[in-house]
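Asks: Sharing protein-v6.cif below, mmCIF, C-alpha atoms:
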data_coords
#
loop_
_atom_site.label_atom_id
_atom_site.label_comp_id
_atom_site.auth_asym_id
_atom_site.auth_seq_id
_atom_site.Cartn_x
_atom_site.Cartn_y
_atom_site.Cartn_z
CA MET A 1 15.06 -19.20 -31.79
CA SER A 2 15.35 -22.91 -31.40
CA THR A 3 12.64 -25.01 -29.81
CA ARG A 4 14.66 -25.20 -26.60
CA ASP A 5 15.00 -21.41 -26.50
CA ARG A 6 11.26 -20.96 -27.00
CA VAL A 7 10.48 -23.41 -24.21
CA THR A 8 12.91 -21.61 -21.91
CA VAL A 9 11.37 -18.20 -22.65
CA ALA A 10 7.86 -19.60 -22.20
CA LEU A 11 8.79 -21.06 -18.81
CA MET A 12 10.44 -17.78 -17.75
CA VAL A 13 7.16 -16.00 -18.51
CA LEU A 14 4.63 -18.58 -17.35
CA ILE A 15 6.20 -19.62 -14.04
CA PRO A 16 6.46 -16.07 -12.53
CA THR A 17 2.99 -15.28 -13.92
CA ALA A 18 1.55 -18.41 -12.30
CA VAL A 19 3.21 -17.61 -8.97
CA VAL A 20 1.91 -14.02 -8.99
CA ALA A 21 -1.57 -15.18 -9.97
CA ALA A 22 -1.65 -17.83 -7.23
CA LEU A 23 -0.23 -15.64 -4.45
CA VAL A 24 -1.61 -12.20 -5.38
CA TRP A 25 -4.41 -12.05 -7.92
CA LEU A 26 -6.45 -15.09 -6.91
CA PRO A 27 -6.43 -14.20 -3.18
CA ALA A 28 -7.34 -10.61 -4.06
CA ILE A 29 -10.27 -11.71 -6.22
CA ALA A 30 -11.37 -14.21 -3.55
CA THR A 31 -11.27 -11.44 -0.94
CA VAL A 32 -13.53 -9.21 -3.02
CA VAL A 33 -15.98 -12.07 -3.60
CA MET A 34 -16.09 -13.10 0.08
CA SER A 35 -16.82 -9.52 1.13
CA PHE A 36 -20.36 -10.00 -0.22
CA PHE A 37 -21.04 -13.21 1.74
CA ASP A 38 -21.59 -14.26 5.35
CA TRP A 39 -19.16 -17.14 5.90
CA ASP A 40 -17.56 -18.43 9.09
CA GLY A 41 -14.53 -19.90 7.33
CA PHE A 42 -15.20 -23.49 8.47
CA GLY A 43 -18.05 -24.87 6.39
CA PRO A 44 -18.03 -25.12 2.59
CA PHE A 45 -18.26 -21.78 0.84
CA THR A 46 -21.28 -23.03 -1.10
CA GLU A 47 -23.28 -22.73 2.14
CA ALA A 48 -22.28 -19.08 2.61
CA LYS A 49 -25.15 -16.58 2.60
CA PHE A 50 -25.08 -13.70 0.14
CA VAL A 51 -25.49 -10.39 2.03
CA GLY A 52 -24.65 -7.85 -0.67
CA THR A 53 -23.06 -4.67 0.66
CA ARG A 54 -24.12 -5.30 4.26
CA TRP A 55 -20.55 -5.53 5.59
CA TYR A 56 -19.55 -2.28 3.92
CA THR A 57 -22.56 -0.53 5.42
CA GLU A 58 -21.85 -1.91 8.89
CA ALA A 59 -18.18 -0.91 8.65
CA ALA A 60 -19.07 2.70 7.87
CA THR A 61 -21.98 3.01 10.32
CA ILE A 62 -21.78 0.75 13.38
CA TYR A 63 -18.25 -0.68 13.54
CA PRO A 64 -16.58 1.51 16.20
CA ALA A 65 -12.97 0.97 15.08
CA PHE A 66 -13.46 1.75 11.37
CA TRP A 67 -13.30 5.56 11.34
CA PRO A 68 -10.56 5.75 14.01
CA ALA A 69 -8.56 3.32 11.86
CA ILE A 70 -9.09 5.52 8.79
CA GLN A 71 -8.03 8.58 10.79
CA HIS A 72 -4.91 6.87 12.12
CA ASN A 73 -3.91 5.68 8.64
CA VAL A 74 -4.28 9.24 7.34
CA ILE A 75 -2.14 10.58 10.21
CA TRP A 76 0.39 7.83 9.47
CA LEU A 77 0.55 8.97 5.85
CA LEU A 78 0.88 12.66 6.68
CA VAL A 79 3.69 12.09 9.18
CA LEU A 80 5.65 9.86 6.83
CA PHE A 81 5.15 12.19 3.88
CA PHE A 82 5.65 15.61 5.49
CA ILE A 83 8.17 14.74 8.20
CA ALA A 84 10.01 11.44 7.61
CA THR A 85 10.36 11.83 3.84
CA PRO A 86 11.87 15.36 3.94
CA ILE A 87 14.31 14.19 6.61
CA GLY A 88 15.36 11.30 4.38
CA LEU A 89 15.79 13.70 1.46
CA LEU A 90 17.90 16.06 3.59
CA LEU A 91 20.14 13.22 4.73
CA ALA A 92 20.56 12.06 1.13
CA VAL A 93 21.65 15.57 0.07
CA LEU A 94 24.15 15.76 2.93
CA LEU A 95 25.58 12.31 2.20
CA ASP A 96 25.83 13.11 -1.51
CA ARG A 97 28.51 15.67 -0.68
CA GLU A 98 31.00 12.82 -0.16
CA ALA A 99 32.10 14.07 3.25
CA SER A 100 34.34 12.01 5.51
CA HIS A 101 32.86 8.81 6.97
CA THR A 102 30.00 8.92 4.42
CA LYS A 103 29.91 5.13 4.07
CA PHE A 104 29.57 4.74 7.82
CA TYR A 105 26.64 7.13 7.98
CA GLN A 106 24.97 5.46 5.01
CA THR A 107 25.23 2.07 6.69
CA ALA A 108 24.03 3.37 10.04
CA LEU A 109 21.02 5.15 8.56
CA TYR A 110 20.09 2.26 6.27
CA LEU A 111 20.45 -0.43 8.95
CA PRO A 112 16.84 -0.07 10.24
CA VAL A 113 15.54 -0.79 6.72
CA VAL A 114 16.89 -4.35 6.77
CA LEU A 115 15.12 -5.02 10.07
CA SER A 116 11.53 -6.24 10.15
CA MET A 117 8.89 -3.89 11.55
CA ALA A 118 8.14 -6.45 14.27
CA LEU A 119 11.76 -6.35 15.43
CA ILE A 120 11.74 -2.55 15.27
CA GLY A 121 8.65 -2.64 17.48
CA PHE A 122 10.51 -4.71 20.09
CA ILE A 123 13.55 -2.40 19.92
CA TRP A 124 11.45 0.70 20.49
CA GLN A 125 9.51 -0.99 23.25
CA LEU A 126 12.78 -1.03 25.16
CA MET A 127 13.27 2.66 24.37
CA PHE A 128 9.72 3.57 25.40
CA SER A 129 9.45 1.30 28.44
CA ARG A 130 7.70 3.09 31.30
CA ASP A 131 9.97 1.74 34.03
CA GLN A 132 13.36 1.18 32.38
CA GLY A 133 13.11 2.93 29.02
CA LEU A 134 15.76 5.32 27.72
CA PHE A 135 13.33 8.19 27.09
CA ASN A 136 11.91 8.18 30.61
CA LEU A 137 15.43 7.83 32.01
CA LEU A 138 16.62 10.91 30.10
CA LEU A 139 13.49 12.94 30.81
CA GLY A 140 13.09 11.81 34.41
CA THR A 141 9.46 10.80 33.80
CA THR A 142 7.32 7.66 34.00
CA ILE A 143 5.25 8.17 30.85
CA ASP A 144 3.58 5.08 29.42
CA TRP A 145 4.51 5.85 25.81
CA TYR A 146 2.84 2.79 24.31
CA GLY A 147 0.02 2.42 26.83
CA ASP A 148 -1.41 5.95 26.84
CA PRO A 149 -3.96 6.20 23.97
CA ASN A 150 -3.28 9.92 23.69
CA ILE A 151 0.36 9.51 22.71
CA ASN A 152 0.94 5.88 21.68
CA LEU A 153 0.17 6.62 18.02
CA TRP A 154 2.89 9.29 17.96
CA SER A 155 5.31 6.93 19.70
CA ALA A 156 4.65 4.30 17.04
CA LEU A 157 5.16 6.92 14.33
CA ILE A 158 8.59 7.76 15.73
CA ALA A 159 9.53 4.10 15.46
CA THR A 160 8.24 3.66 11.91
CA SER A 161 9.79 6.97 10.80
CA TRP A 162 13.16 5.69 12.02
CA ARG A 163 12.94 2.99 9.35
CA HIS A 164 11.24 5.08 6.66
CA VAL A 165 13.92 7.79 6.78
CA GLY A 166 16.63 5.29 5.87
CA TYR A 167 14.61 3.89 2.97
CA VAL A 168 13.85 7.32 1.52
CA MET A 169 17.48 8.37 2.00
CA LEU A 170 18.67 5.40 -0.06
CA LEU A 171 16.23 6.10 -2.91
CA TYR A 172 17.11 9.77 -3.13
CA LEU A 173 20.82 9.09 -2.77
CA ALA A 174 20.63 6.80 -5.80
CA GLY A 175 18.69 9.51 -7.65
CA LEU A 176 21.24 12.18 -6.79
CA LYS A 177 24.08 10.01 -8.05
CA GLY A 178 22.32 9.82 -11.40
CA VAL A 179 21.91 13.57 -11.90
CA ASP A 180 24.10 14.91 -14.70
CA LEU A 181 26.85 17.08 -13.22
CA ALA A 182 26.67 19.32 -16.30
CA LEU A 183 23.25 20.54 -15.17
CA LYS A 184 24.65 21.66 -11.83
CA GLU A 185 27.60 23.35 -13.47
CA ALA A 186 25.32 25.19 -15.89
CA ALA A 187 23.19 26.42 -12.99
CA ARG A 188 26.26 27.69 -11.15
CA ILE A 189 27.47 29.52 -14.25
CA ASP A 190 24.05 31.19 -14.51
CA GLY A 191 24.49 32.48 -10.94
CA ALA A 192 22.09 30.11 -9.16
CA SER A 193 22.79 29.43 -5.52
CA GLU A 194 23.17 25.88 -4.19
CA VAL A 195 19.61 25.90 -2.82
CA GLN A 196 18.20 27.29 -6.08
CA THR A 197 20.13 24.70 -8.06
CA PHE A 198 18.66 21.90 -5.99
CA PHE A 199 15.02 22.99 -6.09
CA HIS A 200 14.96 24.27 -9.69
CA VAL A 201 17.31 21.80 -11.38
CA VAL A 202 18.16 18.70 -9.33
CA PHE A 203 14.80 18.03 -7.67
CA PRO A 204 12.73 18.26 -10.91
CA VAL A 205 15.19 15.92 -12.66
CA MET A 206 14.48 13.32 -9.98
CA PHE A 207 10.76 13.31 -10.83
CA PRO A 208 10.61 9.48 -11.27
CA ILE A 209 12.20 9.03 -7.83
CA ASN A 210 9.71 11.49 -6.34
CA VAL A 211 6.79 9.48 -7.73
CA VAL A 212 8.23 6.21 -6.44
CA VAL A 213 8.75 7.71 -2.97
CA LEU A 214 5.19 9.07 -2.97
CA VAL A 215 3.66 5.70 -3.88
CA ILE A 216 5.85 3.75 -1.46
CA THR A 217 5.02 6.17 1.34
CA PHE A 218 1.30 5.83 0.67
CA ILE A 219 1.39 2.03 0.45
CA ASP A 220 3.49 1.76 3.63
CA SER A 221 1.09 3.98 5.54
CA LEU A 222 -1.91 1.96 4.37
CA ARG A 223 -0.49 -1.49 5.08
CA ALA A 224 1.08 -0.55 8.42
CA PHE A 225 0.54 -3.55 10.65
CA ASP A 226 3.56 -5.27 12.20
CA LEU A 227 4.62 -2.47 14.51
CA VAL A 228 1.27 -1.77 16.14
CA TRP A 229 0.41 -5.48 16.32
CA VAL A 230 3.57 -6.05 18.36
CA ILE A 231 2.72 -3.12 20.63
CA ASN A 232 -0.90 -3.92 21.56
CA ARG A 233 -2.54 -5.73 18.61
CA GLY A 234 -3.91 -2.47 17.25
CA ARG A 235 -6.10 -1.48 20.19
CA ASN A 236 -6.36 1.40 22.63
CA GLY A 237 -5.56 4.24 20.23
CA LEU A 238 -3.56 2.26 17.66
CA GLU A 239 -6.39 1.03 15.44
CA LEU A 240 -5.37 0.67 11.79
CA LEU A 241 -7.16 -0.84 8.80
CA ALA A 242 -4.67 -3.71 8.51
CA THR A 243 -5.04 -4.69 12.17
CA GLU A 244 -8.83 -4.61 11.90
CA VAL A 245 -8.69 -6.88 8.86
CA THR A 246 -6.52 -9.36 10.73
CA ARG A 247 -8.63 -9.21 13.87
CA ASN A 248 -11.83 -10.02 11.97
CA ILE A 249 -10.42 -12.71 9.69
CA VAL A 250 -8.10 -14.69 11.97
CA GLY A 251 -9.34 -13.52 15.37
CA GLU A 252 -11.86 -15.15 17.65
CA ALA A 253 -14.80 -13.56 15.85
CA GLN A 254 -13.98 -15.25 12.50
CA ARG A 255 -15.97 -12.65 10.55
CA ILE A 256 -14.49 -13.62 7.20
CA GLY A 257 -16.91 -11.56 5.14
CA PHE A 258 -16.57 -8.43 7.25
CA GLY A 259 -12.78 -8.68 7.33
CA SER A 260 -12.75 -9.21 3.57
CA ALA A 261 -14.83 -6.05 3.14
CA LEU A 262 -12.24 -4.06 5.10
CA ALA A 263 -9.46 -5.63 3.03
CA THR A 264 -11.33 -4.73 -0.17
CA ILE A 265 -11.54 -1.12 0.96
CA MET A 266 -7.76 -1.13 1.43
CA LEU A 267 -7.36 -2.71 -1.99
CA VAL A 268 -9.50 -0.07 -3.70
CA ILE A 269 -7.64 2.81 -2.04
CA SER A 270 -4.27 1.30 -2.97
CA THR A 271 -5.38 0.67 -6.55
CA VAL A 272 -6.30 4.32 -7.06
CA PHE A 273 -2.78 5.49 -6.23
CA ILE A 274 -1.14 2.66 -8.16
CA ILE A 275 -3.13 3.62 -11.27
CA ILE A 276 -2.06 7.25 -10.84
CA TYR A 277 1.55 6.11 -10.53
CA LEU A 278 1.35 3.93 -13.66
CA ARG A 279 -0.23 6.73 -15.68
CA ILE A 280 2.54 9.13 -14.67
CA VAL A 281 5.26 6.58 -15.49
CA MET A 282 3.73 5.68 -18.85
CA LYS A 283 3.31 9.35 -19.71
CA GLU A 284 6.98 9.97 -18.95
CA ASP A 285 8.00 6.99 -21.11
CA ARG A 286 6.07 8.40 -24.07
#
Mind turning this structure into structure tokens?

Replies:
Amino acid sequence: MSTRDRVTVALMVLIPTAVVAALVWLPAIATVVMSFFDWDGFGPFTEAKFVGTRWYTEAATIYPAFWPAIQHNVIWLLVLFFIATPIGLLLAVLLDREASHTKFYQTALYLPVVLSMALIGFIWQLMFSRDQGLFNLLLGTTIDWYGDPNINLWSALIATSWRHVGYVMLLYLAGLKGVDLALKEAARIDGASEVQTFFHVVFPVMFPINVVVLVITFIDSLRAFDLVWVINRGRNGLELLATEVTRNIVGEAQRIGFGSALATIMLVISTVFIIIYLRIVMKEDR
């Protein structure tokens, strides 16, 4: 390569690396470091007091919202994985049949994906409104879907599943389009039914897609924030780890160290699943 080509390649590598380091890695490292200090966020960090693992201990023992937030994040994950994801897969299988108006259904189901979670929260607030909402109008009730702490988590999960289904449908639809038709034909010749062909031939072939969907579902459930923050700022039955991090770092309390400890816990949990994903992908490549 010429000198100009080498400079171009170097810039193509260094500039994205610098951006990722500045916007991702350095803030992540700073978050981990600050989780061991007591700092109000206003004075110089050199005056911060080292407290060791105090914030982690307080989060697990005396912070009232920590364990409810963990529980809600787990419920969020289970609903997305065992309910929303199978629905998305089913829709992808149905749309893969190339029935009439398939493009229309694809567009309609994927439309929520292009909307922000905050906007989805506002849309479903209209649906769940106690006085003028569509659900109460159809059911003839006056249920406070977002205000009742016994049901508001499930109401929020309906809203987030509406978006998640479209995303999963798109991923699986792309995976189904890439399956070799010869495999399906061979299964039919061997006498396999359509259901047997899918679960024993098609679904295993889409293993990389399955792993991607699993990781995305886990990450989405862990970083869930926008929707519940729009509803009630993550209070009254909608506590999540992400909302507690935000409340402690940018809220009135300004507990930078404590909020950083909660963020570090989220980072560690996410890293475990990302490492598992990378190991599976690298193993498949080999």

Asks: Do you know which residues the PyMOL selection byres ((chain A and resi 39) around 8) returns on this file, as a ChimeraX atom specification?

Replies: /A:34,37-38,40-43,45,47-49,255-257

Asks: Find the distance between CA of Pro208 (chain A) and CA of Val79 (chain A) and write it in Å to one decimal.

Replies: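 CA of Val79 (chain A) lies at a distance of 21.7 Å from CA of Pro208 (chain A).
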
Asks: Compile a residue-level contact table for region 111-179 of chain A against region 216-221 of chain A at a cut-off of 12 Å, reporting for every qualifying residue the shortest atom pair and its distance in Å to one decimal, with all atoms listed in the file counted, rows ordered by chain and ascending number, as a Markdown table.

Replies:
| residue | atom | partner | partner_atom | distance |
| --- | --- | --- | --- | --- |
| A:Met117 | CA | A:Asp220 | CA | 11.1 |
| A:Leu157 | CA | A:Ser221 | CA | 10.1 |
| A:Thr160 | CA | A:Ser221 | CA | 9.6 |
| A:Ser161 | CA | A:Ser221 | CA | 10.6 |
| A:Arg163 | CA | A:Asp220 | CA | 11.1 |
| A:His164 | CA | A:Thr217 | CA | 8.3 |
| A:Val165 | CA | A:Thr217 | CA | 10.6 |
| A:Tyr167 | CA | A:Ile216 | CA | 9.8 |
| A:Val168 | CA | A:Thr217 | CA | 8.9 |
| A:Leu171 | CA | A:Ile216 | CA | 10.7 |

Asks: What does the PyMOL selection byres ((chain A and resi 234-250) around 10) select in this file, as a compact mmCIF listing (two decimals) with C-alpha atoms, in the frame of the given file?

Replies:
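Saved the output as part.txt:
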# COMPACT_ATOMS: atom_id res chain seq x y z
CA ASP A 40 -17.56 -18.43 9.09
CA GLY A 41 -14.53 -19.90 7.33
CA ALA A 65 -12.97 0.97 15.08
CA PHE A 66 -13.46 1.75 11.37
CA TRP A 67 -13.30 5.56 11.34
CA PRO A 68 -10.56 5.75 14.01
CA ALA A 69 -8.56 3.32 11.86
CA ILE A 70 -9.09 5.52 8.79
CA GLN A 71 -8.03 8.58 10.79
CA HIS A 72 -4.91 6.87 12.12
CA ASN A 73 -3.91 5.68 8.64
CA VAL A 74 -4.28 9.24 7.34
CA TRP A 76 0.39 7.83 9.47
CA TYR A 146 2.84 2.79 24.31
CA GLY A 147 0.02 2.42 26.83
CA ASP A 148 -1.41 5.95 26.84
CA PRO A 149 -3.96 6.20 23.97
CA ASN A 150 -3.28 9.92 23.69
CA ILE A 151 0.36 9.51 22.71
CA ASN A 152 0.94 5.88 21.68
CA LEU A 153 0.17 6.62 18.02
CA TRP A 154 2.89 9.29 17.96
CA ALA A 156 4.65 4.30 17.04
CA SER A 221 1.09 3.98 5.54
CA LEU A 222 -1.91 1.96 4.37
CA ARG A 223 -0.49 -1.49 5.08
CA ALA A 224 1.08 -0.55 8.42
CA PHE A 225 0.54 -3.55 10.65
CA ASP A 226 3.56 -5.27 12.20
CA LEU A 227 4.62 -2.47 14.51
CA VAL A 228 1.27 -1.77 16.14
CA TRP A 229 0.41 -5.48 16.32
CA VAL A 230 3.57 -6.05 18.36
CA ILE A 231 2.72 -3.12 20.63
CA ASN A 232 -0.90 -3.92 21.56
CA ARG A 233 -2.54 -5.73 18.61
CA GLY A 251 -9.34 -13.52 15.37
CA GLU A 252 -11.86 -15.15 17.65
CA ALA A 253 -14.80 -13.56 15.85
CA GLN A 254 -13.98 -15.25 12.50
CA ARG A 255 -15.97 -12.65 10.55
CA ILE A 256 -14.49 -13.62 7.20
CA GLY A 257 -16.91 -11.56 5.14
CA PHE A 258 -16.57 -8.43 7.25
CA GLY A 259 -12.78 -8.68 7.33
CA SER A 260 -12.75 -9.21 3.57
CA ALA A 261 -14.83 -6.05 3.14
CA LEU A 262 -12.24 -4.06 5.10
CA ALA A 263 -9.46 -5.63 3.03
CA THR A 264 -11.33 -4.73 -0.17
CA ILE A 265 -11.54 -1.12 0.96
CA MET A 266 -7.76 -1.13 1.43

Asks: Could you tell me, as a PDB file with C-alpha atoms, keeping the file's coordinate frame, which residues have any atom at most 12 Å from (15.7, 16.2, 3.2), counting all atoms listed in the file?

Replies:
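Below is the file that was written, part38.pdb:
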ATOM      1  CA  PHE A  81       5.150  12.190   3.880  1.00  0.00           C
ATOM      2  CA  PHE A  82       5.650  15.610   5.490  1.00  0.00           C
ATOM      3  CA  ILE A  83       8.170  14.740   8.200  1.00  0.00           C
ATOM      4  CA  ALA A  84      10.010  11.440   7.610  1.00  0.00           C
ATOM      5  CA  THR A  85      10.360  11.830   3.840  1.00  0.00           C
ATOM      6  CA  PRO A  86      11.870  15.360   3.940  1.00  0.00           C
ATOM      7  CA  ILE A  87      14.310  14.190   6.610  1.00  0.00           C
ATOM      8  CA  GLY A  88      15.360  11.300   4.380  1.00  0.00           C
ATOM      9  CA  LEU A  89      15.790  13.700   1.460  1.00  0.00           C
ATOM     10  CA  LEU A  90      17.900  16.060   3.590  1.00  0.00           C
ATOM     11  CA  LEU A  91      20.140  13.220   4.730  1.00  0.00           C
ATOM     12  CA  ALA A  92      20.560  12.060   1.130  1.00  0.00           C
ATOM     13  CA  VAL A  93      21.650  15.570   0.070  1.00  0.00           C
ATOM     14  CA  LEU A  94      24.150  15.760   2.930  1.00  0.00           C
ATOM     15  CA  LEU A  95      25.580  12.310   2.200  1.00  0.00           C
ATOM     16  CA  ASP A  96      25.830  13.110  -1.510  1.00  0.00           C
ATOM     17  CA  VAL A 165      13.920   7.790   6.780  1.00  0.00           C
ATOM     18  CA  GLY A 166      16.630   5.290   5.870  1.00  0.00           C
ATOM     19  CA  VAL A 168      13.850   7.320   1.520  1.00  0.00           C
ATOM     20  CA  MET A 169      17.480   8.370   2.000  1.00  0.00           C
ATOM     21  CA  LEU A 170      18.670   5.400  -0.060  1.00  0.00           C
ATOM     22  CA  LEU A 171      16.230   6.100  -2.910  1.00  0.00           C
ATOM     23  CA  TYR A 172      17.110   9.770  -3.130  1.00  0.00           C
ATOM     24  CA  LEU A 173      20.820   9.090  -2.770  1.00  0.00           C
ATOM     25  CA  PHE A 198      18.660  21.900  -5.990  1.00  0.00           C
ATOM     26  CA  PHE A 199      15.020  22.990  -6.090  1.00  0.00           C
ATOM     27  CA  PHE A 203      14.800  18.030  -7.670  1.00  0.00           C
TER      28      PHE A 203
END

Asks: From the set A:Leu267, A:Ala108, A:Ile120, A:Ala192, which residue has the shortest atom-to-atom contact distance to Val24 (chain A), counting all atoms listed in the file?

Replies: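 Ranking A:Leu267, A:Ala108, A:Ile120, A:Ala192 by distance to Val24 (chain A), first place goes to A:Leu267.
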
Asks: CA of Leu214 (chain A) and CA of Tyr277 (chain A) are how many Å apart?

Replies: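 If I compute the distance from CA of Leu214 (chain A) to CA of Tyr277 (chain A), I get 8.9 Å.
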
Asks: Between CA of Ile280 (chain A) and CA of Val114 (chain A), measure the distance and give it in Å to one decimal.

Replies: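 Separation of CA of Ile280 (chain A) and CA of Val114 (chain A): 29.1 Å.
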
Asks: Which is closest to Phe50 (chain A) among A:Ile62, A:Leu23, A:Ala174, A:Val33, if we use all atoms listed in the file?

Replies: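 Counting all atoms listed in the file, the residue closest to Phe50 (chain A) is A:Val33.
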